[in-house]
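> Provided herewith: run-v9.cif, mmCIF, C-alpha atoms.
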```
data_input
#
loop_
_atom_site.label_atom_id
_atom_site.label_comp_id
_atom_site.auth_asym_id
_atom_site.auth_seq_id
_atom_site.Cartn_x
_atom_site.Cartn_y
_atom_site.Cartn_z
CA MET A 23 111.08 94.89 97.93
CA VAL A 24 111.19 95.75 101.60
CA GLU A 25 110.77 92.78 103.91
CA TRP A 26 108.60 93.36 106.96
CA ILE A 27 108.29 90.96 109.86
CA ASP A 28 104.94 90.68 111.64
CA PHE A 29 106.17 92.71 114.62
CA GLU A 30 107.07 95.60 112.33
CA ARG A 31 103.73 95.56 110.49
CA ASP A 32 101.77 95.33 113.72
CA THR A 33 103.82 98.09 115.33
CA ILE A 34 103.29 100.53 112.45
CA VAL A 35 99.55 99.83 112.25
CA ASP A 36 99.32 100.19 116.02
CA ILE A 37 101.20 103.50 116.17
CA PHE A 38 99.04 105.06 113.47
CA SER A 39 95.80 103.71 114.93
CA LYS A 40 96.61 105.59 118.15
CA MET A 41 98.00 108.66 116.37
CA GLN A 42 96.66 112.05 117.40
CA TYR A 43 97.16 113.61 114.00
CA GLU A 44 96.14 117.14 114.98
CA VAL A 45 98.66 117.20 117.82
CA VAL A 46 101.62 115.21 116.52
CA GLY A 47 101.54 116.56 112.95
CA PRO A 48 101.67 120.25 113.90
CA GLU A 49 104.25 119.63 116.63
CA ALA A 50 106.52 117.61 114.37
CA LEU A 51 106.52 120.23 111.61
CA ALA A 52 106.95 123.10 114.11
CA ARG A 53 109.83 121.26 115.75
CA CYS A 54 111.49 120.75 112.37
CA LEU A 55 111.16 124.46 111.48
CA ILE A 56 112.60 125.45 114.88
CA VAL A 57 115.40 122.89 115.22
CA TYR A 58 116.44 123.07 111.56
CA PRO A 59 115.58 126.67 110.65
CA TRP A 60 116.83 126.34 107.06
CA THR A 61 113.76 124.20 106.38
CA GLN A 62 111.75 127.42 106.60
CA ARG A 63 112.92 128.17 103.07
CA TYR A 64 110.01 126.12 101.76
CA PHE A 65 107.37 128.02 103.67
CA GLY A 66 107.88 131.61 102.57
CA ASN A 67 104.14 132.19 102.34
CA PHE A 68 103.33 130.86 105.81
CA GLY A 69 103.51 134.26 107.46
CA ASN A 70 105.12 134.70 110.85
CA LEU A 71 107.94 132.20 111.45
CA TYR A 72 110.20 134.65 113.29
CA ASN A 73 110.66 132.71 116.50
CA ALA A 74 109.75 129.43 118.16
CA ALA A 75 106.56 130.81 119.73
CA ALA A 76 105.38 132.21 116.39
CA ILE A 77 106.09 128.92 114.63
CA SER A 78 104.37 126.83 117.29
CA GLY A 79 101.31 129.08 117.16
CA ASN A 80 101.15 129.45 113.38
CA PRO A 81 97.88 127.99 112.04
CA MET A 82 99.32 127.34 108.57
CA VAL A 83 102.11 125.29 110.13
CA ALA A 84 99.56 123.37 112.16
CA LYS A 85 97.37 122.65 109.15
CA HIS A 86 100.30 121.58 107.02
CA GLY A 87 101.71 119.39 109.77
CA THR A 88 98.42 117.52 109.97
CA THR A 89 98.34 117.16 106.16
CA ILE A 90 101.85 115.71 106.07
CA LEU A 91 101.09 113.23 108.82
CA HIS A 92 97.92 112.04 107.09
CA GLY A 93 100.07 111.68 103.98
CA LEU A 94 101.73 108.74 105.70
CA ASP A 95 98.41 106.86 105.94
CA ARG A 96 98.73 105.53 102.40
CA ALA A 97 102.13 104.06 103.20
CA VAL A 98 100.70 102.38 106.31
CA LYS A 99 97.99 100.80 104.12
CA ASN A 100 100.47 99.78 101.39
CA MET A 101 103.55 98.74 103.28
CA ASP A 102 104.49 96.24 100.60
CA ASP A 103 104.78 98.85 97.91
CA ILE A 104 105.54 102.20 99.41
CA LYS A 105 107.75 103.00 96.44
CA SER A 106 104.92 103.15 93.90
CA THR A 107 102.49 104.57 96.45
CA TYR A 108 104.66 107.69 96.63
CA ALA A 109 105.92 107.90 93.04
CA GLU A 110 103.67 110.86 92.22
CA LEU A 111 104.36 112.62 95.52
CA SER A 112 108.07 112.19 94.81
CA VAL A 113 107.71 113.88 91.43
CA LEU A 114 105.72 116.67 93.08
CA HIS A 115 108.39 117.29 95.74
CA SER A 116 111.10 117.29 93.11
CA GLU A 117 109.63 119.14 90.15
CA LYS A 118 107.08 121.46 91.71
CA LEU A 119 108.18 121.99 95.31
CA HIS A 120 111.96 121.66 94.74
CA VAL A 121 112.55 120.23 98.20
CA ASP A 122 116.08 118.99 98.94
CA PRO A 123 115.49 115.32 99.84
CA ASP A 124 117.85 115.65 102.83
CA ASN A 125 115.01 117.54 104.48
CA PHE A 126 112.81 114.44 104.53
CA LYS A 127 115.18 112.88 107.03
CA LEU A 128 115.12 115.98 109.23
CA LEU A 129 111.32 115.94 109.44
CA SER A 130 111.37 112.20 109.99
CA ASP A 131 113.71 112.62 113.00
CA CYS A 132 111.40 115.25 114.48
CA LEU A 133 108.40 112.99 113.94
CA THR A 134 110.22 110.17 115.74
CA ILE A 135 110.86 112.45 118.70
CA GLU A 136 107.21 113.58 118.84
CA VAL A 137 105.89 110.02 118.65
CA ALA A 138 108.38 109.05 121.37
CA ALA A 139 106.98 111.79 123.60
CA GLN A 140 103.41 110.61 122.86
CA LEU A 141 104.03 106.91 123.52
CA GLY A 142 106.45 107.31 126.42
CA ASN A 143 107.83 104.00 127.66
CA ASP A 144 105.75 102.12 125.09
CA PHE A 145 108.18 103.53 122.51
CA THR A 146 110.73 100.80 123.21
CA GLY A 147 113.93 100.31 121.24
CA GLU A 148 112.24 97.65 119.10
CA VAL A 149 109.25 99.91 118.38
CA GLN A 150 111.63 102.75 117.54
CA ALA A 151 113.53 100.47 115.14
CA ALA A 152 110.31 99.52 113.35
CA PHE A 153 109.10 103.12 113.17
CA GLN A 154 112.42 104.43 111.88
CA LYS A 155 112.60 101.63 109.31
CA PHE A 156 109.13 102.60 108.08
CA LEU A 157 110.09 106.27 107.87
CA ALA A 158 113.35 105.39 106.09
CA VAL A 159 111.38 103.56 103.40
CA VAL A 160 109.01 106.53 103.07
CA VAL A 161 111.95 108.94 102.83
CA SER A 162 113.66 106.78 100.23
CA SER A 163 110.46 106.55 98.14
CA LEU A 164 109.95 110.29 98.28
CA GLY A 165 113.46 110.83 96.96
CA ARG A 166 113.24 108.16 94.28
CA GLN A 167 111.88 110.22 91.36
CA TYR A 168 114.38 113.05 91.67
CA HIS A 169 116.74 113.42 88.74
CA MET B 6 129.75 124.67 112.36
CA THR B 7 128.06 127.30 114.52
CA THR B 8 129.30 128.27 117.95
CA LEU B 9 127.03 127.91 120.96
CA THR B 10 125.42 131.17 122.01
CA ALA B 11 125.01 132.15 125.65
CA LYS B 12 121.32 131.32 125.24
CA ASP B 13 122.16 127.83 123.96
CA LYS B 14 124.52 127.17 126.86
CA ASP B 15 121.96 128.36 129.41
CA ALA B 16 119.27 126.17 127.87
CA VAL B 17 121.57 123.13 128.00
CA ARG B 18 122.71 123.76 131.58
CA THR B 19 119.15 124.44 132.79
CA PHE B 20 117.74 121.35 131.11
CA TRP B 21 120.63 119.22 132.41
CA ALA B 22 119.41 119.83 135.96
CA ASN B 23 116.49 117.51 135.07
CA VAL B 24 118.93 114.83 134.02
CA SER B 25 120.84 114.85 137.29
CA GLY B 26 120.48 111.55 139.05
CA LYS B 27 119.00 109.80 136.00
CA GLU B 28 122.18 109.65 133.94
CA GLU B 29 122.61 105.88 134.22
CA ASP B 30 119.11 105.03 133.01
CA ILE B 31 119.22 107.62 130.24
CA GLY B 32 122.68 106.58 129.04
CA SER B 33 121.87 102.87 128.96
CA ASP B 34 118.54 103.48 127.23
CA ALA B 35 120.29 105.58 124.56
CA VAL B 36 122.94 102.93 123.86
CA ALA B 37 120.31 100.16 123.88
CA ARG B 38 118.28 102.06 121.30
CA MET B 39 121.40 102.70 119.21
CA LEU B 40 122.14 98.97 119.06
CA ALA B 41 118.50 98.11 118.27
CA VAL B 42 117.77 100.81 115.71
CA TYR B 43 121.20 101.00 114.03
CA PRO B 44 122.56 97.45 114.10
CA GLN B 45 125.68 98.51 112.17
CA THR B 46 126.88 100.17 115.41
CA LYS B 47 127.30 96.70 116.90
CA THR B 48 130.42 96.32 114.78
CA TYR B 49 132.31 98.38 117.36
CA PHE B 50 131.51 95.94 120.13
CA SER B 51 132.51 92.56 118.73
CA HIS B 52 134.54 92.06 121.91
CA TRP B 53 131.37 91.90 124.03
CA LYS B 54 130.00 88.49 124.95
CA ASP B 55 126.43 89.78 124.71
CA LEU B 56 125.53 92.36 122.07
CA SER B 57 121.83 92.58 122.94
CA PRO B 58 120.52 96.04 123.87
CA SER B 59 119.68 94.91 127.41
CA SER B 60 123.04 93.26 128.12
CA PRO B 61 125.18 94.28 131.11
CA SER B 62 127.92 95.43 128.68
CA ALA B 63 125.47 97.69 126.87
CA ARG B 64 124.24 99.15 130.16
CA LYS B 65 127.78 99.74 131.39
CA HIS B 66 128.69 101.40 128.12
CA GLY B 67 125.62 103.64 128.28
CA ILE B 68 126.77 104.81 131.70
CA THR B 69 130.26 105.52 130.39
CA VAL B 70 128.98 107.50 127.41
CA MET B 71 126.59 109.51 129.56
CA LYS B 72 129.37 110.39 132.01
CA GLY B 73 131.24 111.80 129.03
CA VAL B 74 128.25 113.88 127.95
CA ALA B 75 127.71 115.18 131.48
CA ASP B 76 131.39 116.09 131.64
CA ALA B 77 131.02 117.96 128.35
CA VAL B 78 128.12 119.97 129.81
CA SER B 79 130.43 121.12 132.61
CA LYS B 80 133.04 122.10 130.02
CA ILE B 81 130.57 123.70 127.64
CA ASP B 82 132.59 126.91 127.47
CA ASP B 83 135.58 125.12 125.97
CA LEU B 84 134.62 121.79 124.49
CA LYS B 85 137.73 121.47 122.30
CA GLY B 86 140.11 122.04 125.19
CA GLY B 87 138.09 120.19 127.78
CA LEU B 88 137.63 117.06 125.65
CA LEU B 89 141.20 116.81 124.31
CA THR B 90 141.95 113.49 126.03
CA LEU B 91 138.63 111.99 124.99
CA SER B 92 139.26 113.11 121.46
CA GLU B 93 142.65 111.43 121.43
CA LEU B 94 141.03 108.24 122.73
CA HIS B 95 138.41 108.26 119.97
CA ALA B 96 140.95 109.19 117.30
CA PHE B 97 143.80 106.83 118.03
CA THR B 98 142.31 103.96 119.98
CA LEU B 99 138.59 103.66 119.35
CA ARG B 100 138.52 105.11 115.84
CA VAL B 101 134.75 105.40 115.80
CA ASP B 102 133.55 106.81 112.49
CA PRO B 103 132.27 110.30 113.37
CA ALA B 104 129.01 109.58 111.50
CA ASN B 105 128.09 107.49 114.52
CA PHE B 106 128.18 110.50 116.83
CA LYS B 107 125.03 111.72 115.04
CA ILE B 108 123.42 108.36 115.69
CA ILE B 109 124.03 108.27 119.45
CA SER B 110 123.01 111.95 119.67
CA HIS B 111 119.68 111.17 118.00
CA CYS B 112 119.08 108.22 120.32
CA LEU B 113 119.88 110.38 123.33
CA LEU B 114 117.39 113.01 122.17
CA VAL B 115 114.69 110.34 121.74
CA VAL B 116 115.27 109.18 125.33
CA LEU B 117 115.12 112.75 126.63
CA SER B 118 111.88 113.29 124.70
CA ILE B 119 110.38 110.22 126.38
CA LYS B 120 111.60 111.08 129.87
CA PHE B 121 110.88 114.81 129.78
CA PRO B 122 108.02 115.32 127.32
CA ASN B 123 107.13 118.73 128.76
CA ASP B 124 110.65 120.10 129.27
CA PHE B 125 112.07 118.89 125.97
CA THR B 126 110.52 121.77 124.04
CA PRO B 127 111.63 122.64 120.49
CA GLU B 128 113.80 125.47 121.93
CA VAL B 129 115.54 123.09 124.31
CA HIS B 130 115.81 120.54 121.50
CA VAL B 131 117.64 122.93 119.18
CA ALA B 132 120.06 123.99 121.92
CA LEU B 133 120.82 120.36 122.81
CA ASP B 134 121.14 119.39 119.15
CA LYS B 135 123.68 122.18 118.65
CA PHE B 136 125.51 121.18 121.83
CA LEU B 137 125.73 117.51 120.82
CA ALA B 138 126.94 118.53 117.37
CA ALA B 139 129.63 120.73 118.95
CA LEU B 140 130.54 117.85 121.26
CA ALA B 141 130.86 115.51 118.28
CA LEU B 142 133.07 118.03 116.53
CA ALA B 143 135.31 118.33 119.60
CA LEU B 144 135.54 114.53 119.78
CA ALA B 145 136.58 114.33 116.14
CA GLU B 146 139.15 117.12 116.58
CA LYS B 147 142.16 114.84 116.78
CA TYR B 148 141.12 112.43 114.01
CA ARG B 149 143.23 114.02 111.29
#
```
For the structure just supplied, provide its representation as structure tokens.


Amino acid sequence: MVEWIDFERDTIVDIFSKMQYEVVGPEALARCLIVYPWTQRYFGNFGNLYNAAAISGNPMVAKHGTTILHGLDRAVKNMDDIKSTYAELSVLHSEKLHVDPDNFKLLSDCLTIEVAAQLGNDFTGEVQAAFQKFLAVVVSSLGRQYH
Amino acid sequence: MTTLTAKDKDAVRTFWANVSGKEEDIGSDAVARMLAVYPQTKTYFSHWKDLSPSSPSARKHGITVMKGVADAVSKIDDLKGGLLTLSELHAFTLRVDPANFKIISHCLLVVLSIKFPNDFTPEVHVALDKFLAALALALAEKYR
């Protein structure tokens, strides 16, 4: 069981209540595909991913980025049991999507950087620690059902 | 590991012009975040009186680290050769586990994202990420 202190809970709820999903989601996924180009292997049917401009302007990337970010909402609402919240999604990523779980960390780092840009100085070291802890639990849960 | 292309080096040098003059704040913020977000890194600083992210020791160390990064930017065409002495320091004296280089690099990128939200584009990000990885590799050169 993951232990959360009040500051951490409040911080996560606060970040997601202010989240601009349609901006941050697309930018985080685009950044991941640009900075770690091997992640493009999972998006063969997304059309033009030939360069950074194409990726940033790709509507399928944008839509999927928003979807992924909204996918975190359930974890925000169930912080005390993120593991079971994502059990099915973990099976999906393993058995159907065949995503190497190392990629979850890459996307999570890009998301951290996008949220940092959004929140500016409000993204203090303590806030960053809480956010990264939350993402680490999500990442761990998503990798849990792989075998 | 990949080598830095001319485009990567240009992107790093161009972006670094933004950093000029702000090195101290950026460096200390990066080290402060490292200590806050990755508490295991504090194990390298047991000799400090105050291990809190906002301590004078942490600030001073952030400045030191950032000077090293800035130096590496100036030696971007030959990181291995240019950072030989620093590598020996890290290998024989400091013996910092190279996994930690990824940690401080990530924290530095977060600070840059906060300070330069418009300039820290994905293209600049990838060039800097490659540069910091190459820097880490050069630092670990003398380890074994």

> Would you mind reading off the distance between CA of Lys40 in chain A and CA of Asp144 in chain A, one decimal, in Å?

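Spanning CA of Lys40 in chain A to CA of Asp144 in chain A is a straight-line distance of 12.0 Å.
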
> For this structure, which residues satisfy the selection - the PyMOL selection byres ((chain B) within 7 of (chain A)) - when it is evaluated on the file as given? I want them as a PyMOL selection string.

chain B and resi 37-38+41-42+115+118-119+122+127-128+130-131

> Can you spit out the residues from that selection as a short mmCIF file (atom, residue, chain, number, x, y, z; two decimals), in the frame of the given file, using C-alpha atoms?


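Dumped to again.cif:
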```
data_model
loop_
_atom_site.label_atom_id
_atom_site.label_comp_id
_atom_site.auth_asym_id
_atom_site.auth_seq_id
_atom_site.Cartn_x
_atom_site.Cartn_y
_atom_site.Cartn_z
CA ALA B 37 120.31 100.16 123.88
CA ARG B 38 118.28 102.06 121.30
CA ALA B 41 118.50 98.11 118.27
CA VAL B 42 117.77 100.81 115.71
CA VAL B 115 114.69 110.34 121.74
CA SER B 118 111.88 113.29 124.70
CA ILE B 119 110.38 110.22 126.38
CA PRO B 122 108.02 115.32 127.32
CA PRO B 127 111.63 122.64 120.49
CA GLU B 128 113.80 125.47 121.93
CA HIS B 130 115.81 120.54 121.50
CA VAL B 131 117.64 122.93 119.18
#
```

> What do you get, as a list of chain:residue names, if you spell out every residue that the PyMOL selection byres ((chain B and resi 31) around 9) selects here?

B:Val24, B:Lys27, B:Glu28, B:Glu29, B:Asp30, B:Gly32, B:Ser33, B:Asp34, B:Ala35, B:Val36, B:Gly67, B:Ile68, B:Met71, B:Leu113, B:Val116, B:Leu117, B:Lys120

> If I take CA of Ser92 in chain B and CA of Ala143 in chain B, how far is one from the other in Å, to one decimal?

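Separation of CA of Ser92 in chain B and CA of Ala143 in chain B: 6.8 Å.
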
> Contacts of Asp122 in chain A at 10 Å or less, counting all atoms listed in the file, minus same-chain residues fewer than 2 places along, as a PyMOL selection string?

chain A and resi 61+64+115-116+119-120+124-126+165+168

> How many Å separate CA of Ser130 in chain A from CA of Phe50 in chain B?

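So the answer is 27.8 Å.
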
> For Phe20 in chain B, please output as a list of chain:residue names all residues within 12 Å (counting all atoms listed in the file; exclusion window: fewer than 3 positions along the same chain).

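In the requested format, the answer is B:Asp13, B:Lys14, B:Asp15, B:Ala16, B:Val17, B:Asn23, B:Val24, B:Ser25, B:Ala75, B:Val78, B:Leu117, B:Ser118, B:Phe121, B:Asn123, B:Asp124, B:Phe125, B:Thr126, B:Glu128, B:Val129, B:His130, B:Ala132, B:Leu133.
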
> For the file shown, report as a short mmCIF file (atom, residue, chain, number, x, y, z; two decimals) with C-alpha atoms, in the frame of the given file the outcome of the PyMOL selection byres ((chain B and resi 81) around 9) at residue level.


```cif
data_model
loop_
_atom_site.label_atom_id
_atom_site.label_comp_id
_atom_site.auth_asym_id
_atom_site.auth_seq_id
_atom_site.Cartn_x
_atom_site.Cartn_y
_atom_site.Cartn_z
CA LEU B 9 127.03 127.91 120.96
CA LYS B 14 124.52 127.17 126.86
CA ARG B 18 122.71 123.76 131.58
CA ASP B 76 131.39 116.09 131.64
CA ALA B 77 131.02 117.96 128.35
CA VAL B 78 128.12 119.97 129.81
CA SER B 79 130.43 121.12 132.61
CA LYS B 80 133.04 122.10 130.02
CA ASP B 82 132.59 126.91 127.47
CA ASP B 83 135.58 125.12 125.97
CA LEU B 84 134.62 121.79 124.49
CA GLY B 87 138.09 120.19 127.78
CA PHE B 136 125.51 121.18 121.83
CA LEU B 140 130.54 117.85 121.26
#
```

> Could you pull the residues within 10 Å of Asn105 in chain B, counting all atoms listed in the file, minus those fewer than 3 positions along the same chain, as a PyMOL selection string?

chain B and resi 39+43+45-46+101-102+108-111+141

> Given the point (115.8, 107.4, 94.1) in the coordinates of this file, which residues lie within 12 Å, counting only C-alpha atoms, and how would they look as number ranges by chain?

A: 105-106, 108-109, 112-113, 116, 123, 159-169

> Measuring atom to atom with all atoms listed in the file, identify which of B:Lys107, B:Leu91, B:Trp21, B:Pro44 is nearest to Thr69 in chain B.

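Smallest separation from Thr69 in chain B among the options: B:Leu91.
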
> Rank nothing, just name the residue among B:Ala104, B:Ala11, B:Ala96, B:Leu114 nearest to Ala145 in chain B, using all atoms listed in the file.

B:Ala96
